[in-house]
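*Asks:* I am sharing input.cif, which consists of mmCIF, C-alpha atoms:
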```
data_start
#
loop_
_atom_site.label_atom_id
_atom_site.label_comp_id
_atom_site.auth_asym_id
_atom_site.auth_seq_id
_atom_site.Cartn_x
_atom_site.Cartn_y
_atom_site.Cartn_z
CA MET L 21 0.00 0.00 0.00
CA LEU L 22 1.01 3.60 -0.54
CA ASP L 23 2.95 5.35 2.21
CA ARG L 24 1.08 8.62 2.77
CA VAL L 25 3.15 9.89 5.70
CA THR L 26 4.49 13.39 5.22
CA THR L 27 5.17 16.51 7.26
CA VAL L 28 2.33 18.80 8.26
CA GLU L 29 4.15 21.59 6.37
CA ASN L 30 4.11 19.57 3.13
CA ALA L 31 0.51 18.46 3.53
CA VAL L 32 -0.82 21.96 4.21
CA ALA L 33 1.29 23.59 1.47
CA GLY L 34 0.20 20.87 -0.94
CA TYR L 35 -3.53 20.95 -0.36
CA VAL L 36 -4.74 24.03 1.55
CA ARG L 37 -5.44 27.28 -0.33
CA SER L 38 -7.13 30.59 0.45
CA GLY L 39 -10.83 30.65 -0.32
CA GLN L 40 -11.35 26.94 0.29
CA THR L 41 -13.96 25.16 2.37
CA LEU L 42 -12.27 23.16 5.12
CA MET L 43 -13.99 20.51 7.21
CA VAL L 44 -12.38 20.30 10.64
CA GLY L 45 -12.96 17.34 12.95
CA GLY L 46 -13.52 17.49 16.68
CA PHE L 47 -16.13 17.92 19.37
CA GLY L 48 -14.68 19.67 22.40
CA ARG L 49 -10.96 18.91 22.11
CA GLY L 50 -11.14 15.26 21.00
CA GLY L 51 -10.49 14.82 17.27
CA VAL L 52 -9.35 18.42 16.72
CA PRO L 53 -6.26 18.58 14.45
CA PHE L 54 -4.46 21.14 16.59
CA THR L 55 -1.06 20.76 14.91
CA THR L 56 -2.47 21.34 11.41
CA LEU L 57 -4.65 24.26 12.56
CA HIS L 58 -1.77 25.97 14.35
CA LEU L 59 0.35 25.76 11.21
CA ILE L 60 -2.45 27.39 9.20
CA ALA L 61 -2.78 30.04 11.91
CA ASN L 62 0.95 30.69 11.78
CA HIS L 63 0.60 31.61 8.09
CA ALA L 64 -2.36 33.92 8.47
CA ASP L 65 -1.33 35.95 5.42
CA LYS L 66 -1.23 32.84 3.22
CA TYR L 67 -4.52 31.17 4.17
CA ARG L 68 -7.51 33.53 4.14
CA ASP L 69 -11.19 33.75 3.17
CA LEU L 70 -11.71 30.23 4.47
CA THR L 71 -15.09 28.64 5.05
CA LEU L 72 -14.86 26.28 8.01
CA ILE L 73 -17.27 23.44 8.68
CA LYS L 74 -16.74 22.36 12.28
CA ASN L 75 -19.02 21.16 15.06
CA ASP L 76 -18.02 23.94 17.46
CA ALA L 77 -15.82 27.05 17.60
CA ASN L 78 -13.28 25.55 20.05
CA GLU L 79 -12.39 27.53 23.14
CA PRO L 80 -10.65 30.92 23.04
CA GLY L 81 -6.94 30.62 22.21
CA ILE L 82 -6.92 27.13 20.70
CA GLY L 83 -7.83 25.34 17.48
CA ILE L 84 -9.96 27.22 14.98
CA ASP L 85 -10.32 30.14 17.39
CA LEU L 86 -6.85 31.23 16.26
CA LEU L 87 -8.04 31.38 12.64
CA LEU L 88 -11.27 33.13 13.62
CA LYS L 89 -9.44 35.72 15.71
CA GLN L 90 -6.93 36.48 12.95
CA GLY L 91 -9.64 37.14 10.39
CA GLN L 92 -8.76 34.08 8.25
CA VAL L 93 -12.35 32.85 8.22
CA LYS L 94 -15.22 34.39 6.28
CA LYS L 95 -17.82 31.86 7.38
CA LEU L 96 -18.19 29.19 10.04
CA ILE L 97 -20.80 26.46 9.71
CA ALA L 98 -21.28 24.86 13.15
CA THR L 99 -23.77 23.38 15.60
CA HIS L 100 -22.69 24.91 18.91
CA ILE L 101 -20.41 27.83 19.72
CA GLY L 102 -21.20 28.26 23.41
CA LEU L 103 -17.68 27.54 24.69
CA ASN L 104 -16.23 30.47 22.73
CA PRO L 105 -17.72 33.76 23.99
CA GLU L 106 -15.19 35.73 21.92
CA PHE L 107 -16.52 34.18 18.73
CA ILE L 108 -20.13 34.80 19.79
CA ARG L 109 -19.17 38.49 20.05
CA GLN L 110 -17.49 38.37 16.60
CA MET L 111 -20.62 36.80 15.17
CA ASN L 112 -23.03 39.22 16.85
CA ASP L 113 -20.87 42.15 15.65
CA GLY L 114 -21.04 40.81 12.10
CA GLU L 115 -17.27 40.22 11.81
CA VAL L 116 -17.69 36.59 10.78
CA GLU L 117 -20.70 34.94 9.19
CA CYS L 118 -21.96 31.92 11.11
CA GLU L 119 -24.57 29.34 10.15
CA LEU L 120 -25.87 27.06 12.90
CA ILE L 121 -27.27 23.64 12.00
CA PRO L 122 -28.75 20.95 14.28
CA GLN L 123 -25.94 18.56 15.12
CA GLY L 124 -27.26 15.32 13.68
CA ILE L 125 -28.41 17.03 10.49
CA PHE L 126 -24.99 18.71 10.24
CA ALA L 127 -23.49 15.20 10.28
CA GLU L 128 -26.06 13.83 7.80
CA LYS L 129 -25.47 16.71 5.34
CA ILE L 130 -21.78 15.78 5.39
CA ARG L 131 -22.58 12.09 5.04
CA ALA L 132 -24.72 12.89 2.01
CA GLY L 133 -21.85 14.95 0.58
CA GLY L 134 -19.49 12.04 0.97
CA ALA L 135 -21.98 9.49 -0.32
CA GLY L 136 -22.89 11.31 -3.52
CA ILE L 137 -26.39 12.28 -2.36
CA PRO L 138 -27.19 15.89 -3.36
CA ALA L 139 -29.63 16.60 -0.53
CA ILE L 140 -31.51 14.97 2.33
CA MET L 141 -35.03 15.56 3.63
CA THR L 142 -35.80 15.95 7.30
CA ASP L 143 -38.41 17.17 9.75
CA ILE L 144 -35.76 18.41 12.20
CA GLY L 145 -36.11 22.16 12.69
CA LEU L 146 -39.66 22.45 11.37
CA GLY L 147 -41.52 25.15 13.25
CA THR L 148 -38.27 26.89 14.24
CA GLU L 149 -36.14 29.59 12.66
CA VAL L 150 -33.89 26.86 11.24
CA ALA L 151 -36.62 26.20 8.66
CA GLN L 152 -36.78 29.81 7.48
CA GLY L 153 -35.98 30.24 3.79
CA LYS L 154 -35.45 26.53 3.20
CA ALA L 155 -37.03 24.59 0.37
CA THR L 156 -39.63 22.04 1.44
CA TYR L 157 -41.10 18.87 -0.01
CA GLU L 158 -44.44 17.20 0.72
CA LEU L 159 -44.11 13.47 1.36
CA ASP L 160 -47.06 11.34 2.47
CA GLY L 161 -48.86 14.48 3.61
CA LYS L 162 -45.95 15.69 5.71
CA THR L 163 -43.83 18.77 5.06
CA LEU L 164 -40.10 18.10 5.08
CA LEU L 165 -37.13 20.43 4.83
CA ILE L 166 -34.70 19.89 1.99
CA GLU L 167 -31.15 20.13 3.33
CA PRO L 168 -28.47 20.26 0.63
CA CYS L 169 -25.41 18.07 1.20
CA MET L 170 -22.12 19.56 2.34
CA ARG L 171 -18.75 18.89 0.72
CA GLY L 172 -15.37 20.43 1.38
CA ASP L 173 -12.06 20.97 -0.36
CA VAL L 174 -9.92 19.59 2.45
CA ALA L 175 -10.77 17.63 5.62
CA LEU L 176 -8.50 18.11 8.62
CA VAL L 177 -8.96 15.52 11.35
CA CYS L 178 -6.96 14.11 14.23
CA ALA L 179 -6.92 10.34 14.76
CA ASP L 180 -5.48 8.45 17.69
CA ILE L 181 -3.73 5.90 15.49
CA ALA L 182 -3.14 5.89 11.73
CA ASP L 183 -1.09 3.46 9.71
CA LYS L 184 1.30 4.72 7.05
CA ALA L 185 -1.27 4.05 4.32
CA GLY L 186 -3.78 6.31 6.07
CA ASN L 187 -6.17 3.85 7.74
CA ALA L 188 -7.29 5.60 10.88
CA TRP L 189 -8.68 4.66 14.29
CA TRP L 190 -10.15 6.79 17.07
CA CYS L 191 -10.22 6.29 20.83
CA GLY L 192 -13.23 7.01 23.07
CA SER L 193 -15.28 10.05 22.16
CA ASN L 194 -12.63 11.46 19.80
CA ARG L 195 -14.26 10.03 16.65
CA ASN L 196 -17.31 12.36 16.52
CA MET L 197 -17.42 14.10 13.09
CA CYS L 198 -13.93 12.99 11.96
CA VAL L 199 -14.83 9.88 10.00
CA VAL L 200 -17.75 11.33 8.06
CA MET L 201 -15.76 14.47 7.23
CA GLY L 202 -13.03 12.24 5.86
CA THR L 203 -15.48 10.92 3.29
CA ALA L 204 -16.77 14.31 2.11
CA CYS L 205 -13.71 16.28 0.94
CA LYS L 206 -11.48 16.22 -2.13
CA ARG L 207 -8.39 15.95 0.06
CA VAL L 208 -8.02 14.50 3.54
CA ILE L 209 -5.17 15.21 5.95
CA VAL L 210 -5.13 12.84 8.93
CA GLU L 211 -3.09 14.15 11.80
CA ALA L 212 -2.27 11.15 13.99
CA LYS L 213 -1.15 10.92 17.61
CA GLN L 214 0.53 7.64 16.74
CA ILE L 215 1.63 6.37 13.31
CA VAL L 216 2.15 2.62 12.92
CA GLU L 217 3.33 0.32 10.13
CA THR L 218 0.65 -0.53 7.59
CA GLY L 219 -0.93 -3.82 8.62
CA ARG L 220 -0.61 -3.23 12.33
CA LEU L 221 -4.19 -2.01 12.73
CA LYS L 222 -6.71 -4.82 12.60
CA ALA L 223 -8.66 -4.40 9.34
CA GLU L 224 -12.02 -4.86 11.11
CA ASP L 225 -11.23 -2.06 13.56
CA ILE L 226 -10.49 0.68 11.04
CA HIS L 227 -12.88 3.63 11.26
CA LEU L 228 -11.69 5.62 8.22
CA PRO L 229 -10.29 3.50 5.35
CA SER L 230 -7.13 4.78 3.69
CA VAL L 231 -8.81 5.14 0.27
CA PHE L 232 -10.23 8.44 1.53
CA VAL L 233 -6.91 9.72 2.88
CA ASP L 234 -4.26 11.81 1.09
CA ALA L 235 -1.76 12.57 3.83
CA VAL L 236 -0.84 11.28 7.28
CA VAL L 237 1.03 13.73 9.47
CA PRO L 238 2.30 13.34 13.03
CA ALA L 239 0.41 15.26 15.70
CA GLY L 240 2.72 17.48 17.72
CA PRO L 241 2.39 18.14 21.44
CA LEU L 242 -0.92 19.82 22.29
CA PRO L 243 -0.14 23.52 21.99
CA HIS L 244 -2.49 24.54 24.78
CA ARG L 245 -1.16 22.13 27.38
CA GLY L 246 0.72 23.70 30.26
CA ASN L 247 -1.07 27.03 29.88
CA MET Q 5 -20.90 14.53 37.14
CA ALA Q 6 -20.69 18.28 37.27
CA LYS Q 7 -19.41 20.22 40.24
CA ARG Q 8 -21.09 23.15 41.94
CA GLU Q 9 -23.16 23.77 45.02
CA LEU Q 10 -26.82 23.13 44.40
CA THR Q 11 -29.51 25.30 45.96
CA SER Q 12 -32.27 23.65 47.99
CA ALA Q 13 -34.74 24.46 45.19
CA GLU Q 14 -32.50 22.66 42.71
CA LEU Q 15 -32.17 19.64 45.02
CA THR Q 16 -35.95 19.53 45.39
CA LEU Q 17 -36.65 19.51 41.66
CA LEU Q 18 -33.81 17.07 40.91
CA LYS Q 19 -35.15 14.58 43.46
CA ARG Q 20 -38.63 14.86 41.97
CA ALA Q 21 -37.26 14.58 38.42
CA ALA Q 22 -35.34 11.42 39.34
CA ARG Q 23 -38.69 9.71 39.89
CA GLU Q 24 -39.48 10.14 36.19
CA VAL Q 25 -36.51 7.97 35.22
CA ARG Q 26 -37.44 4.30 34.92
CA HIS Q 27 -35.30 1.20 35.11
CA GLY Q 28 -33.85 0.27 31.72
CA MET Q 29 -34.30 3.65 30.03
CA VAL Q 30 -31.84 5.21 27.57
CA VAL Q 31 -31.48 8.81 28.74
CA ASN Q 32 -29.75 11.93 27.45
CA LEU Q 33 -28.95 14.68 29.93
CA GLY Q 34 -28.66 18.28 28.76
CA ILE Q 35 -25.77 20.45 29.89
CA GLY Q 36 -26.21 22.12 33.28
CA LEU Q 37 -28.73 21.12 35.93
CA PRO Q 38 -29.74 17.82 34.20
CA GLN Q 39 -26.17 16.57 34.65
CA PHE Q 40 -26.79 16.37 38.40
CA LEU Q 41 -29.68 13.96 37.98
CA PRO Q 42 -27.79 10.60 38.16
CA GLU Q 43 -26.76 11.06 41.79
CA HIS Q 44 -30.46 11.28 42.75
CA LEU Q 45 -31.46 8.00 41.11
CA PRO Q 46 -32.15 4.98 43.33
CA ALA Q 47 -29.14 2.64 43.32
CA ASP Q 48 -31.16 -0.19 41.76
CA THR Q 49 -32.31 1.91 38.79
CA ASP Q 50 -30.22 0.77 35.83
CA VAL Q 51 -30.15 3.58 33.27
CA THR Q 52 -28.06 3.86 30.11
CA PHE Q 53 -26.86 7.41 29.58
CA HIS Q 54 -26.36 8.63 26.01
CA SER Q 55 -23.77 11.32 25.33
CA GLU Q 56 -24.41 12.90 21.94
CA ASN Q 57 -20.71 13.37 21.17
CA GLY Q 58 -20.52 9.64 20.66
CA PHE Q 59 -21.29 6.99 23.24
CA VAL Q 60 -23.82 5.21 25.40
CA GLY Q 61 -22.95 3.94 28.86
CA MET Q 62 -21.70 7.22 30.29
CA GLY Q 63 -20.67 6.88 33.91
CA GLU Q 64 -19.48 9.31 36.55
CA GLY Q 65 -17.23 12.30 36.09
CA ASN Q 66 -13.53 11.44 35.96
CA PRO Q 67 -11.75 13.59 38.56
CA GLU Q 68 -8.35 12.52 37.16
CA GLY Q 69 -9.33 13.55 33.63
CA THR Q 70 -8.96 16.82 31.76
CA PRO Q 71 -10.77 18.30 28.75
CA ASP Q 72 -8.03 16.58 26.70
CA SER Q 73 -9.05 13.13 27.95
CA ASP Q 74 -10.24 10.56 25.41
CA VAL Q 75 -13.66 10.32 27.05
CA ILE Q 76 -15.50 13.59 27.56
CA ASP Q 77 -19.18 14.38 27.79
CA ALA Q 78 -20.94 16.78 25.42
CA GLY Q 79 -20.05 19.67 27.74
CA GLY Q 80 -16.33 18.87 27.54
CA ARG Q 81 -15.93 17.34 30.98
CA ALA Q 82 -13.88 14.16 31.40
CA CYS Q 83 -16.03 11.23 32.42
CA ARG Q 84 -15.98 7.46 32.77
CA VAL Q 85 -17.92 4.75 31.02
CA VAL Q 86 -19.65 1.75 32.55
CA PRO Q 87 -19.08 -1.88 31.47
CA GLY Q 88 -21.07 -2.47 28.28
CA ALA Q 89 -20.59 1.08 27.01
CA ALA Q 90 -20.17 1.66 23.27
CA PHE Q 91 -18.44 4.44 21.35
CA PHE Q 92 -19.54 5.58 17.89
CA ASP Q 93 -19.47 8.60 15.61
CA SER Q 94 -21.92 11.49 15.35
CA LEU Q 95 -24.01 9.74 12.67
CA THR Q 96 -24.79 6.77 14.90
CA SER Q 97 -25.26 9.04 17.89
CA PHE Q 98 -28.10 10.90 16.19
CA ALA Q 99 -29.53 7.77 14.60
CA ILE Q 100 -30.16 6.73 18.21
CA VAL Q 101 -31.97 10.02 18.85
CA ARG Q 102 -33.97 10.41 15.64
CA GLY Q 103 -34.65 6.71 15.22
CA GLY Q 104 -36.69 6.48 18.42
CA ASN Q 105 -34.15 4.71 20.65
CA LEU Q 106 -33.81 7.51 23.16
CA ASP Q 107 -36.44 7.05 25.85
CA LEU Q 108 -35.93 10.31 27.70
CA ALA Q 109 -34.20 13.66 27.20
CA VAL Q 110 -33.80 15.79 30.31
CA LEU Q 111 -33.30 19.40 29.27
CA GLY Q 112 -33.13 22.89 30.71
CA ALA Q 113 -35.24 25.76 29.43
CA PHE Q 114 -35.47 29.52 29.04
CA GLU Q 115 -39.21 29.17 28.39
CA VAL Q 116 -41.83 26.43 28.07
CA SER Q 117 -45.19 27.41 26.61
CA VAL Q 118 -48.56 26.10 27.77
CA SER Q 119 -48.72 24.11 24.54
CA GLY Q 120 -45.37 22.47 25.27
CA ASP Q 121 -43.15 24.56 22.99
CA LEU Q 122 -39.54 24.71 24.20
CA ALA Q 123 -37.10 27.63 23.89
CA ASN Q 124 -33.63 26.85 25.24
CA TRP Q 125 -31.02 27.65 22.61
CA LYS Q 126 -30.93 31.33 21.80
CA ILE Q 127 -31.51 34.77 23.30
CA PRO Q 128 -31.13 36.95 20.21
CA GLY Q 129 -28.27 39.45 20.48
CA LYS Q 130 -27.27 38.21 23.94
CA LEU Q 131 -26.67 34.51 24.19
CA THR Q 132 -26.24 32.47 21.06
CA PRO Q 133 -24.66 29.19 22.07
CA GLY Q 134 -26.24 27.33 19.16
CA MET Q 135 -28.65 24.44 19.29
CA GLY Q 136 -26.03 21.68 19.22
CA GLY Q 137 -28.07 18.48 19.35
CA GLY Q 138 -30.89 20.15 21.27
CA MET Q 139 -33.41 20.38 18.44
CA GLU Q 140 -33.17 16.68 17.70
CA LEU Q 141 -33.33 15.76 21.37
CA ALA Q 142 -36.39 17.96 21.88
CA GLN Q 143 -38.14 16.78 18.73
CA LYS Q 144 -37.29 13.08 18.71
CA ALA Q 145 -36.73 11.76 22.23
CA ASN Q 146 -39.65 9.54 23.16
CA HIS Q 147 -40.27 11.79 26.16
CA VAL Q 148 -38.93 15.28 26.90
CA LEU Q 149 -38.58 16.25 30.55
CA VAL Q 150 -37.68 19.86 31.25
CA ILE Q 151 -36.33 20.71 34.68
CA SER Q 152 -36.12 24.34 35.66
CA HIS Q 153 -36.46 26.88 38.42
CA HIS Q 154 -40.09 27.87 38.77
CA LEU Q 155 -39.39 31.57 38.19
CA ASP Q 156 -36.79 33.27 36.02
CA LYS Q 157 -34.51 36.00 37.39
CA ARG Q 158 -37.21 38.63 36.86
CA GLY Q 159 -39.76 36.65 38.84
CA ARG Q 160 -41.63 35.48 35.76
CA GLY Q 161 -42.78 31.86 35.56
CA LYS Q 162 -40.86 29.63 33.15
CA LEU Q 163 -44.22 28.37 31.91
CA VAL Q 164 -45.51 31.08 29.57
CA PRO Q 165 -48.57 31.57 27.33
CA GLN Q 166 -46.32 31.72 24.29
CA CYS Q 167 -42.52 31.56 23.94
CA SER Q 168 -40.98 34.94 23.12
CA LEU Q 169 -37.60 33.38 22.28
CA PRO Q 170 -36.71 31.30 19.20
CA LEU Q 171 -38.07 27.78 19.57
CA THR Q 172 -35.97 24.68 19.95
CA ALA Q 173 -39.01 22.63 18.91
CA PRO Q 174 -42.77 23.17 19.03
CA ALA Q 175 -45.08 21.02 21.17
CA CYS Q 176 -42.30 18.77 22.44
CA VAL Q 177 -42.26 19.06 26.24
CA GLY Q 178 -44.01 16.15 27.89
CA THR Q 179 -43.24 17.06 31.50
CA LEU Q 180 -42.00 20.22 33.24
CA ILE Q 181 -40.69 19.90 36.77
CA THR Q 182 -39.92 22.91 38.95
CA GLU Q 183 -39.23 23.10 42.69
CA ARG Q 184 -42.92 23.89 43.17
CA ALA Q 185 -44.85 21.76 40.73
CA VAL Q 186 -45.02 19.11 38.04
CA PHE Q 187 -46.77 19.97 34.76
CA ARG Q 188 -47.66 17.40 32.12
CA ARG Q 189 -48.84 17.92 28.56
CA VAL Q 190 -52.26 16.32 28.11
CA ASP Q 191 -54.20 16.74 24.86
CA GLY Q 192 -51.70 19.35 23.67
CA ARG Q 193 -51.83 21.51 26.77
CA MET Q 194 -49.68 21.67 29.90
CA GLN Q 195 -51.65 20.98 33.05
CA LEU Q 196 -50.77 20.99 36.72
CA ALA Q 197 -50.08 17.39 37.73
CA SER Q 198 -48.46 17.63 41.16
CA VAL Q 199 -47.68 20.27 43.78
CA HIS Q 200 -44.80 20.26 46.27
CA PRO Q 201 -46.10 19.91 49.86
CA ASP Q 202 -44.64 23.34 50.78
CA PHE Q 203 -46.87 25.04 48.21
CA ASP Q 204 -50.55 25.26 47.42
CA ARG Q 205 -52.17 25.40 44.01
CA GLU Q 206 -52.02 29.20 43.92
CA SER Q 207 -48.30 29.45 44.71
CA ALA Q 208 -47.60 26.53 42.35
CA LEU Q 209 -48.96 28.75 39.57
CA GLU Q 210 -47.30 31.98 40.76
CA GLY Q 211 -45.77 34.05 37.97
CA ILE Q 212 -47.55 32.05 35.29
CA ASP Q 213 -49.56 34.43 33.16
CA ALA Q 214 -51.73 31.77 31.59
CA ASP Q 215 -54.68 29.59 32.36
CA VAL Q 216 -53.23 26.27 33.48
CA PRO Q 217 -55.81 23.58 34.23
CA SER Q 218 -55.28 21.06 37.01
CA ALA Q 219 -55.36 17.33 36.50
CA GLU Q 220 -58.45 15.73 37.92
CA ASN Q 221 -56.38 13.88 40.49
CA LEU Q 222 -53.08 15.48 41.46
CA GLU Q 223 -50.19 13.03 41.80
CA PRO Q 224 -48.50 12.82 45.20
CA TRP Q 225 -45.15 14.67 45.17
CA GLU Q 226 -43.30 11.82 46.86
CA ASP Q 227 -43.68 8.08 46.74
CA LYS Q 228 -45.58 6.96 49.79
CA SER Q 229 -44.16 3.47 49.56
#
```
Could I get this structure in the form of structure tokens?

*Replies:*
Amino acid sequence: MLDRVTTVENAVAGYVRSGQTLMVGGFGRGGVPFTTLHLIANHADKYRDLTLIKNDANEPGIGIDLLLKQGQVKKLIATHIGLNPEFIRQMNDGEVECELIPQGIFAEKIRAGGAGIPAIMTDIGLGTEVAQGKATYELDGKTLLIEPCMRGDVALVCADIADKAGNAWWCGSNRNMCVVMGTACKRVIVEAKQIVETGRLKAEDIHLPSVFVDAVVPAGPLPHRGN
Amino acid sequence: MAKRELTSAELTLLKRAAREVRHGMVVNLGIGLPQFLPEHLPADTDVTFHSENGFVGMGEGNPEGTPDSDVIDAGGRACRVVPGAAFFDSLTSFAIVRGGNLDLAVLGAFEVSVSGDLANWKIPGKLTPGMGGGMELAQKANHVLVISHHLDKRGRGKLVPQCSLPLTAPACVGTLITERAVFRRVDGRMQLASVHPDFDRESALEGIDADVPSAENLEPWEDKS
């Protein structure tokens, strides 16, 4: 199998461009590709006008908050931003556009994007402001919302273990949105806490198969630890 | 699970809410007050807790953990899992919710309307945490239990004629428990179902600017057994 291990510098320079839509894994801190995000934040002049699709806005000072604070993001599509009061202020002041989507539908829109399904239909959000302006469809006498699929240019995720080919495995609650995001982008960079020889992961245990993956990069030490 | 000092009103409503949880249920607890519910359950009540970030079988808080731990709850706190727990991704997590496998969601509220509408995710211009998984929990859990202080900070009842805030979901609340009363939705309308012994019917409806009917037979607040 191919060896997809490279440096985070090579992976980001090779695949990430200004103006792209990036899907970023993580819920809380688990699954967040901190090393990749910090590299992008360290080149704020080079990576701008990004659209980020991420469950939450991280906490102030870490993860995508660095990109949000430096004005690298024009739009964030998320489900919950409550742990980042600074971003809530940015959003309320109109500095960054933010679209909020119910969490399971957020995941299903990405799944549809990865699975070649242009849109899904759902009753989630009916009778709330989430439904405003959305196309609807009548099915068996019930009104359903049409939710277009979501795709991205590059997925950035952090796995607990990846093999050199790119097969990836997650521990505990770290998996969250990472696997589905890895199916829905043209390029996928898997940042891994541990990289093992191809064949070491049991084939039945693999969460994200390597066919989706373009680059495997080592995760550095968590940048926020020790603060 | 979470750590802070509870007020006596909060202890009262948590103890009453614990009685709504039945042996064998799959339960999701919202962030905040609902996270204190497990410690009020009888020891022989076996409940499977669902954490929407990706597992069932959530156990106690993990005092040795940090937000960087591999097992955190949906609020970011490190926690443990019980034997038989299962981890999965967000797709499976919400298949459990939308597919009808979640017996009970215990949620907080800004407002509950007399028709059972719930508002708990947004105060426009002030507090915009986002709905997270709240809309799906409110809309698709087999039963929605809201636990809340009886009055808000301005002395207004949490049960209102009509929600003024953006809805999480319409007509979703099955039961509302405050430190003064239990309200249940019957035929599309919340009615008074039980009153705490320290209060009478009038004080159990204090601050509620709506006509709330009483159940024919009020339930006892505590088990007499």

*Asks:* Find the residue from L:Gly161, L:Pro105, L:Gly186, L:Pro168 that sits nearest to Ile137 (chain L); use only C-alpha atoms when measuring.

*Replies:*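 Among L:Gly161, L:Pro105, L:Gly186, L:Pro168, it is L:Pro168 that comes nearest to Ile137 (chain L).
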
*Asks:* Which residues would end up in the selection if the PyMOL selection byres ((chain Q) within 8 of (chain L)) were applied here, given that I need the answer as a PyMOL selection string?

*Replies:* chain Q and resi 57-59+71-76+78-80+91-95+97-99+129+131-140+143+170-174

*Asks:* Tell me which residues the PyMOL selection byres ((chain Q and resi 28-43) around 9) grabs here, as a VMD selection string.

*Replies:* chain Q and resid 5 to 7 10 14 18 to 19 21 to 22 25 to 27 44 to 47 49 to 56 60 64 78 to 79 105 to 112 138 141 145 150 to 152

*Asks:* List the residues matched by the PyMOL selection byres ((chain Q and resi 165) around 7) in the displayed structure as a ChimeraX atom specification, ordered by chain and then by residue number.

*Replies:* /Q:117-118,164,166-167,213-214

*Asks:* Would you please work out which residue, of L:Ala188, L:Ala239, L:Cys205, L:Leu87, is nearest to Thr218 (chain L) when using only C-alpha atoms?

*Replies:* L:Ala188

*Asks:* Would you work out the distance separating CA of Arg189 (chain Q) from CA of Gly120 (chain Q), expressed in Å to one decimal?

*Replies:*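 About the pair CA of Arg189 (chain Q) and CA of Gly120 (chain Q): they are 6.6 Å apart.
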
*Asks:* Between CA of Ile100 (chain Q) and CA of Arg23 (chain Q), what is the distance in Å, rounded to a tenth?

*Replies:*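 Computed distance, CA of Ile100 (chain Q) to CA of Arg23 (chain Q), equals 23.5 Å.
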
*Asks:* Provide the CA of Leu164 (chain L) to CA of Ala132 (chain L) distance in Å, to one decimal place.

*Replies:*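 Calculated distance between CA of Leu164 (chain L) and CA of Ala132 (chain L) is 16.5 Å.
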
*Asks:* Name the closest residue to Val236 (chain L) among the candidates L:Leu165, L:Val93, L:Ala64, L:Val28; distances are taken between atoms, counting all atoms listed in the file.

*Replies:* L:Val28

*Asks:* Nearest to Leu59 (chain L): which of L:Met141, L:Ile226, L:Val44, L:Leu86 is it, counting only C-alpha atoms?

*Replies:*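 The shortest atom-to-atom distance to Leu59 (chain L) comes from L:Leu86.
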
*Asks:* Write out as a ChimeraX atom specification each polymer residue whose atoms come within 10 Å of Lys95 (chain L), counting all atoms listed in the file; drop sequence neighbours fewer than 3 positions from it.

*Replies:* /L:41,69-73,88,92,98,111,115-119

*Asks:* Kindly indicate which residue among Q:Leu15, Q:Arg102, Q:Lys157, Q:Val148 lies nearest to Thr179 (chain Q), using only C-alpha atoms for the distances.

*Replies:*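 Smallest separation from Thr179 (chain Q) among the options: Q:Val148.
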
*Asks:* Restricting the calculation to only C-alpha atoms, which member of Q:Met62, Q:Leu17, Q:Glu68, Q:Pro201 is positioned closest to Ala89 (chain Q)?

*Replies:* Q:Met62

*Asks:* Up to 9 Å from (-4.4, 19.5, 17.4) in the file's coordinates: name the residues, counting only C-alpha atoms, as a PyMOL selection string.

*Replies:* chain L and resi 49-58+82-83+177-178+211+239-243

*Asks:* Scan for residues within 7 Å of the point (-42.3, 16.2, 22.1) in the coordinates of the file, using all atoms listed in the file, and reply as an MDAnalysis selection string.

*Replies:* chainID Q and resid 142:144 147:148 175:178

*Asks:* Give me region 7-14 of chain Q with N, CA and C atoms filled in, as a short mmCIF file (atom, residue, chain, number, x, y, z; two decimals), in the frame of the given file.

*Replies:*
```cif
data_model
loop_
_atom_site.label_atom_id
_atom_site.label_comp_id
_atom_site.auth_asym_id
_atom_site.auth_seq_id
_atom_site.Cartn_x
_atom_site.Cartn_y
_atom_site.Cartn_z
N LYS Q 7 -19.70 19.79 38.87
CA LYS Q 7 -19.41 20.22 40.24
C LYS Q 7 -19.85 21.66 40.48
N ARG Q 8 -20.79 21.85 41.36
CA ARG Q 8 -21.09 23.15 41.94
C ARG Q 8 -22.07 22.91 43.07
N GLU Q 9 -22.22 23.89 43.92
CA GLU Q 9 -23.16 23.77 45.02
C GLU Q 9 -24.58 23.95 44.49
N LEU Q 10 -25.43 23.01 44.83
CA LEU Q 10 -26.82 23.13 44.40
C LEU Q 10 -27.63 23.88 45.46
N THR Q 11 -28.60 24.65 45.02
CA THR Q 11 -29.51 25.30 45.96
C THR Q 11 -30.55 24.28 46.42
N SER Q 12 -31.27 24.61 47.49
CA SER Q 12 -32.27 23.65 47.99
C SER Q 12 -33.40 23.49 46.97
N ALA Q 13 -33.72 24.57 46.24
CA ALA Q 13 -34.74 24.46 45.19
C ALA Q 13 -34.29 23.48 44.11
N GLU Q 14 -33.02 23.56 43.74
CA GLU Q 14 -32.50 22.66 42.71
C GLU Q 14 -32.52 21.21 43.18
#
```
